[in-house]
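Trainee: Here you go, protein32.cif (mmCIF, C-alpha atoms):
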data_upload
loop_
_atom_site.label_atom_id
_atom_site.label_comp_id
_atom_site.auth_asym_id
_atom_site.auth_seq_id
_atom_site.Cartn_x
_atom_site.Cartn_y
_atom_site.Cartn_z
CA ALA N 208 -17.30 -7.43 3.93
CA GLN N 209 -14.28 -5.21 3.86
CA LYS N 210 -11.19 -6.52 5.61
CA VAL N 211 -10.05 -3.01 6.47
CA THR N 212 -12.57 -0.29 7.15
CA GLN N 213 -11.70 3.36 7.39
CA ALA N 214 -15.07 4.88 8.06
CA GLN N 215 -13.89 8.48 7.80
CA THR N 216 -13.61 9.39 4.15
CA GLU N 217 -12.52 12.97 4.72
CA ILE N 218 -11.57 14.98 7.79
CA SER N 219 -10.77 18.67 8.06
CA VAL N 220 -9.07 20.17 11.10
CA VAL N 221 -7.54 23.49 11.93
CA GLU N 222 -3.80 23.57 12.42
CA LYS N 223 -2.66 22.58 15.94
CA GLU N 224 -5.77 20.50 16.58
CA ASP N 225 -5.41 16.83 17.42
CA VAL N 226 -7.01 14.35 15.04
CA THR N 227 -7.64 10.60 15.21
CA LEU N 228 -8.01 8.43 12.15
CA ASP N 229 -9.97 5.24 12.72
CA CYS N 230 -9.20 1.81 11.35
CA VAL N 231 -11.12 -1.40 11.96
CA TYR N 232 -9.91 -4.68 10.51
CA GLU N 233 -11.24 -8.19 10.11
CA THR N 234 -9.21 -11.39 10.09
CA ARG N 235 -9.39 -14.98 11.33
CA ASP N 236 -5.63 -15.31 11.56
CA THR N 237 -3.85 -15.16 14.88
CA THR N 238 -0.68 -13.87 13.26
CA TYR N 239 -1.10 -10.76 11.19
CA TYR N 240 0.40 -7.33 10.74
CA LEU N 241 -1.11 -3.88 10.62
CA PHE N 242 0.28 -0.86 8.83
CA TRP N 243 -0.34 2.81 8.26
CA TYR N 244 0.83 4.56 5.11
CA LYS N 245 0.67 8.21 4.14
CA GLN N 246 0.00 9.42 0.61
CA PRO N 247 0.73 13.15 0.28
CA PRO N 248 -0.54 15.13 -2.72
CA SER N 249 2.65 14.24 -4.59
CA GLY N 250 1.34 10.68 -4.79
CA GLU N 251 3.98 8.45 -3.25
CA LEU N 252 3.08 5.99 -0.48
CA VAL N 253 5.11 6.54 2.66
CA PHE N 254 5.38 3.86 5.32
CA LEU N 255 4.57 5.08 8.84
CA ILE N 256 4.26 2.07 11.12
CA ARG N 257 4.05 -1.74 11.28
CA ARG N 258 2.53 -3.65 14.16
CA ASN N 259 2.32 -7.40 14.69
CA SER N 260 -0.74 -9.02 16.20
CA PHE N 261 1.08 -10.06 19.36
CA ASP N 262 2.20 -6.60 20.31
CA GLU N 263 -0.62 -4.44 21.63
CA GLN N 264 1.63 -1.80 23.11
CA ASN N 265 0.73 1.66 21.96
CA GLU N 266 3.43 3.50 20.10
CA ILE N 267 4.40 7.13 19.94
CA SER N 268 6.69 8.71 17.40
CA GLY N 269 6.92 12.47 17.74
CA ARG N 270 3.45 13.89 17.06
CA TYR N 271 2.17 10.51 15.84
CA SER N 272 0.71 7.82 18.06
CA TRP N 273 -1.05 4.55 17.41
CA ASN N 274 -3.56 2.67 19.53
CA PHE N 275 -3.89 -1.04 18.78
CA GLN N 276 -6.79 -2.86 20.47
CA LYS N 277 -7.33 -6.50 19.52
CA SER N 278 -10.54 -6.67 21.53
CA THR N 279 -12.18 -4.21 19.15
CA SER N 280 -10.05 -5.07 16.07
CA SER N 281 -8.98 -1.47 15.81
CA PHE N 282 -5.72 0.24 15.01
CA ASN N 283 -6.27 3.98 15.32
CA PHE N 284 -3.82 6.72 14.44
CA THR N 285 -3.63 10.06 16.24
CA ILE N 286 -1.79 13.15 15.08
CA THR N 287 -1.18 15.64 17.85
CA ALA N 288 -0.89 19.35 17.11
CA SER N 289 -1.58 18.84 13.42
CA GLN N 290 0.35 20.79 10.81
CA VAL N 291 -0.39 21.72 7.21
CA VAL N 292 2.26 19.22 6.08
CA ASP N 293 0.13 16.45 7.59
CA SER N 294 -2.45 17.00 4.84
CA ALA N 295 -2.57 13.72 2.94
CA VAL N 296 -4.54 10.54 2.43
CA TYR N 297 -3.80 8.01 5.15
CA PHE N 298 -4.21 4.30 4.52
CA CYS N 299 -4.55 1.56 7.07
CA ALA N 300 -3.57 -1.91 5.82
CA LEU N 301 -3.74 -5.51 7.01
CA SER N 302 -1.19 -8.17 6.12
CA GLU N 303 -2.35 -11.76 6.58
CA ARG N 304 -1.47 -15.09 5.07
CA ALA N 305 -3.49 -15.53 1.90
CA SER N 306 -5.41 -18.81 1.68
CA GLY N 307 -3.53 -21.32 -0.46
CA ALA N 308 -0.57 -19.02 -0.78
CA GLY N 309 2.80 -19.17 0.91
CA SER N 310 3.01 -15.50 1.62
CA TYR N 311 1.23 -12.65 3.29
CA GLN N 312 -0.94 -10.28 1.33
CA LEU N 313 -1.51 -6.64 2.10
CA THR N 314 -5.05 -5.34 1.95
CA PHE N 315 -5.64 -1.61 2.13
CA GLY N 316 -8.55 0.36 3.46
CA LYS N 317 -10.05 3.02 1.23
CA GLY N 318 -8.14 5.77 2.98
CA THR N 319 -8.97 8.89 4.95
CA LYS N 320 -8.23 12.24 3.38
CA LEU N 321 -6.97 14.64 6.01
CA SER N 322 -6.94 18.36 5.33
CA VAL N 323 -5.20 20.58 7.84
CA ILE N 324 -6.29 24.18 7.45
CA PRO N 325 -3.87 26.93 8.48
CA ASP Y 63 13.10 8.11 -0.68
CA SER Y 64 12.05 4.47 -0.18
CA GLY Y 65 14.85 3.04 -2.31
CA VAL Y 66 12.38 1.51 -4.77
CA THR Y 67 12.57 2.98 -8.25
CA GLN Y 68 9.95 2.90 -10.96
CA THR Y 69 10.05 4.00 -14.57
CA PRO Y 70 8.51 5.73 -16.32
CA LYS Y 71 6.83 8.27 -14.04
CA HIS Y 72 4.12 9.04 -16.54
CA LEU Y 73 2.81 7.17 -19.54
CA ILE Y 74 0.18 8.24 -22.03
CA THR Y 75 -0.98 5.73 -24.59
CA ALA Y 76 -3.99 4.74 -26.65
CA THR Y 77 -6.55 1.99 -26.24
CA GLY Y 78 -5.42 -1.35 -27.59
CA GLN Y 79 -1.75 -0.63 -27.01
CA ARG Y 80 0.75 -2.47 -24.82
CA VAL Y 81 3.06 -0.90 -22.24
CA THR Y 82 5.76 -2.11 -19.88
CA LEU Y 83 6.33 -0.69 -16.43
CA ARG Y 84 9.64 -1.27 -14.71
CA CYS Y 85 10.58 -1.56 -11.05
CA SER Y 86 13.85 -1.95 -9.17
CA PRO Y 87 13.47 -3.08 -5.56
CA ARG Y 88 15.44 -1.87 -2.56
CA SER Y 89 18.86 -3.38 -2.21
CA GLY Y 90 18.55 -6.73 -0.43
CA ASP Y 91 14.79 -7.13 -0.97
CA LEU Y 92 13.75 -10.35 -2.67
CA SER Y 93 10.01 -9.73 -2.96
CA VAL Y 94 8.40 -7.40 -5.45
CA TYR Y 95 4.72 -6.53 -5.47
CA TRP Y 96 2.56 -4.67 -7.98
CA TYR Y 97 -0.49 -2.63 -7.04
CA GLN Y 98 -3.02 -0.62 -8.99
CA GLN Y 99 -4.58 2.51 -7.52
CA SER Y 100 -7.70 3.87 -9.17
CA LEU Y 101 -10.41 6.21 -7.90
CA ASP Y 102 -13.14 3.59 -7.96
CA GLN Y 103 -11.20 0.50 -6.84
CA GLY Y 104 -8.73 2.01 -4.41
CA LEU Y 105 -5.38 0.27 -3.87
CA GLN Y 106 -5.55 -3.25 -5.27
CA PHE Y 107 -2.88 -5.93 -5.04
CA LEU Y 108 -2.05 -7.39 -8.44
CA ILE Y 109 0.82 -9.85 -8.11
CA GLN Y 110 3.89 -10.77 -6.06
CA TYR Y 111 7.23 -12.24 -7.05
CA TYR Y 112 9.81 -13.65 -4.70
CA ASN Y 113 13.35 -14.25 -5.93
CA GLY Y 114 12.19 -14.70 -9.51
CA GLU Y 115 9.19 -16.90 -8.83
CA GLU Y 116 5.53 -15.89 -8.81
CA ARG Y 117 4.31 -16.12 -5.21
CA ALA Y 118 0.81 -14.75 -5.11
CA LYS Y 119 -1.81 -13.35 -7.43
CA GLY Y 120 -4.44 -10.81 -6.61
CA ASN Y 121 -6.90 -9.03 -8.85
CA ILE Y 122 -4.75 -9.12 -11.92
CA LEU Y 123 -6.43 -9.20 -15.31
CA GLU Y 124 -5.42 -11.80 -17.88
CA ARG Y 125 -4.30 -8.95 -20.13
CA PHE Y 126 -1.67 -8.10 -17.53
CA SER Y 127 1.46 -10.09 -16.82
CA ALA Y 128 4.62 -9.63 -14.84
CA GLN Y 129 8.00 -11.15 -14.27
CA GLN Y 130 10.99 -10.80 -12.02
CA PHE Y 131 14.44 -11.08 -13.52
CA PRO Y 132 17.61 -12.62 -12.04
CA ASP Y 133 18.81 -9.18 -10.95
CA LEU Y 134 15.48 -8.92 -9.07
CA HIS Y 135 14.06 -6.04 -11.05
CA SER Y 136 10.50 -6.59 -12.21
CA GLU Y 137 8.37 -5.59 -15.16
CA LEU Y 138 4.60 -5.33 -15.39
CA ASN Y 139 3.21 -5.72 -18.90
CA LEU Y 140 -0.22 -4.32 -19.68
CA SER Y 141 -1.70 -5.22 -23.05
CA SER Y 142 -4.86 -4.48 -25.03
CA LEU Y 143 -5.24 -1.41 -22.90
CA GLU Y 144 -8.66 -0.03 -22.12
CA LEU Y 145 -9.73 3.35 -20.80
CA GLY Y 146 -10.41 1.76 -17.44
CA ASP Y 147 -6.78 0.74 -17.07
CA SER Y 148 -5.87 4.37 -16.46
CA ALA Y 149 -4.50 4.37 -12.93
CA LEU Y 150 -1.45 4.79 -10.74
CA TYR Y 151 0.62 1.62 -10.68
CA PHE Y 152 2.86 1.05 -7.70
CA CYS Y 153 5.66 -1.35 -7.19
CA ALA Y 154 6.69 -2.29 -3.67
CA SER Y 155 9.45 -4.45 -2.27
CA SER Y 156 10.15 -6.27 0.98
CA VAL Y 157 12.87 -8.50 2.32
CA GLY Y 158 10.72 -11.63 2.13
CA GLY Y 159 7.01 -12.29 1.87
CA ASN Y 160 6.04 -12.92 5.45
CA GLY Y 161 4.41 -9.73 6.55
CA GLU Y 162 7.50 -7.56 6.44
CA THR Y 163 7.10 -3.91 5.63
CA GLN Y 164 6.52 -3.20 1.97
CA TYR Y 165 8.28 -0.09 0.73
CA PHE Y 166 6.65 1.58 -2.23
CA GLY Y 167 8.11 3.21 -5.29
CA PRO Y 168 6.90 6.59 -6.55
CA GLY Y 169 4.46 4.97 -8.97
CA THR Y 170 3.79 5.14 -12.69
CA ARG Y 171 0.79 7.18 -13.72
CA LEU Y 172 -0.81 5.57 -16.78
CA LEU Y 173 -3.32 7.42 -18.90
CA VAL Y 174 -5.09 5.50 -21.64
CA LEU Y 175 -6.79 7.71 -24.21
#
Give the structure from this file in structure tokens form.
Mentor:
Amino acid sequence: AQKVTQAQTEISVVEKEDVTLDCVYETRDTTYYLFWYKQPPSGELVFLIRRNSFDEQNEISGRYSWNFQKSTSSFNFTITASQVVDSAVYFCALSERASGAGSYQLTFGKGTKLSVIP
Amino acid sequence: DSGVTQTPKHLITATGQRVTLRCSPRSGDLSVYWYQQSLDQGLQFLIQYYNGEERAKGNILERFSAQQFPDLHSELNLSSLELGDSALYFCASSVGGNGETQYFGPGTRLLVL
């Protein structure tokens, strides 16, 4: 079973529409961290947000917002009033303590490719 | 700009060859991670170093090895290259290894012909 599931492989929206990218995770740990990264066509991975498992407060940053719900093991990402520059692959990731290891390991979902059409 | 640098940006080589990818972490970061991104496998964790010591291993092949030097830069060595090793290799760094944010370099695109 995948630890991080991004069920939407590709999404297309028209500019100015709102779009939500889904992320469902699986872990037995009580302490863990969730992330979203953006990979634009240029290829680099850009950090967007980090959330720890004890903080379920939703967060808003400009046109971006995140909804973390432990009850459903979901960490969804919404872009409001999408723009062409938002076109990218978005990755959700889970950081949990690896068994037998002294550190946390980051596991990525397969990504959602978002295309914003002008 | 994440502050993590990787060289080279692109690398083209032949099967059976050996290459070395280099990474310099952000100032103050002690942990360095290596990831491989391919179309079929997605983003896969390879290995982590913390302050010069290997900390964790992921899906790293025996043909691959890495090290972190006293100045904290890291190198990933890929040997006996196969066509399937063609991928984007990312280095990331974080302050420690306890779930802090990992900041990624621009990647090295490797093409094995």
Trainee: Determine which residues of chain Y sit within 8 Å of chain N, taking into account all atoms listed in the file, and present them as a compact mmCIF listing (two decimals) with C-alpha atoms, in the frame of the given file.
Mentor:
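Saved as selection-v2.txt:
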# COMPACT_ATOMS: atom_id res chain seq x y z
CA SER Y 64 12.05 4.47 -0.18
CA GLY Y 104 -8.73 2.01 -4.41
CA LEU Y 105 -5.38 0.27 -3.87
CA GLN Y 106 -5.55 -3.25 -5.27
CA PHE Y 107 -2.88 -5.93 -5.04
CA ARG Y 117 4.31 -16.12 -5.21
CA ALA Y 118 0.81 -14.75 -5.11
CA GLY Y 159 7.01 -12.29 1.87
CA ASN Y 160 6.04 -12.92 5.45
CA GLY Y 161 4.41 -9.73 6.55
CA THR Y 163 7.10 -3.91 5.63
CA GLN Y 164 6.52 -3.20 1.97
CA TYR Y 165 8.28 -0.09 0.73
CA PHE Y 166 6.65 1.58 -2.23
CA GLY Y 167 8.11 3.21 -5.29
CA PRO Y 168 6.90 6.59 -6.55
CA GLY Y 169 4.46 4.97 -8.97
Trainee: Identify, on the basis of only C-alpha atoms, every residue whose closest approach to stretch 70-77 of chain Y does not exceed 9 Å; exclude the query and any residue fewer than 2 positions from it along the same chain; express the result as a ChimeraX atom specification.
Mentor: /Y:68,79-81,83-84,142-145,168-175
Trainee: Using Å and a single decimal, report how far atom CA of N:Cys299 sits from atom CA of N:Phe275.
Mentor: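 Interatomic distance here is 12.0 Å.
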Trainee: Would you list the contacts of N:Trp273 as a VMD selection string, taking every protein, DNA or RNA residue within 12 Å and counting only C-alpha atoms, but skipping same-chain residues closer than 2 positions in sequence?
Mentor: chain N and resid 226 to 230 241 to 243 255 to 258 262 to 271 275 to 276 281 to 287 299
Trainee: May I ask for the distance between atom CA of N:Ser289 and atom CA of N:Ser272, given in Å to one decimal place?
Mentor: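 Separation of atom CA of N:Ser289 and atom CA of N:Ser272: 12.2 Å.
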Trainee: I'd like the residues picked by the PyMOL selection byres ((chain Y and resi 88) around 9) written out as a list of chain:residue names, using the chain letters and numbers from the file.
Mentor: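 With the shown file as input, the PyMOL selection byres ((chain Y and resi 88) around 9) matches Y:Ser64, Y:Gly65, Y:Val66, Y:Thr67, Y:Ser86, Y:Pro87, Y:Ser89, Y:Gly90, Y:Asp91, Y:Leu92, Y:Ala154, Y:Ser155, Y:Ser156, Y:Val157, Y:Tyr165.
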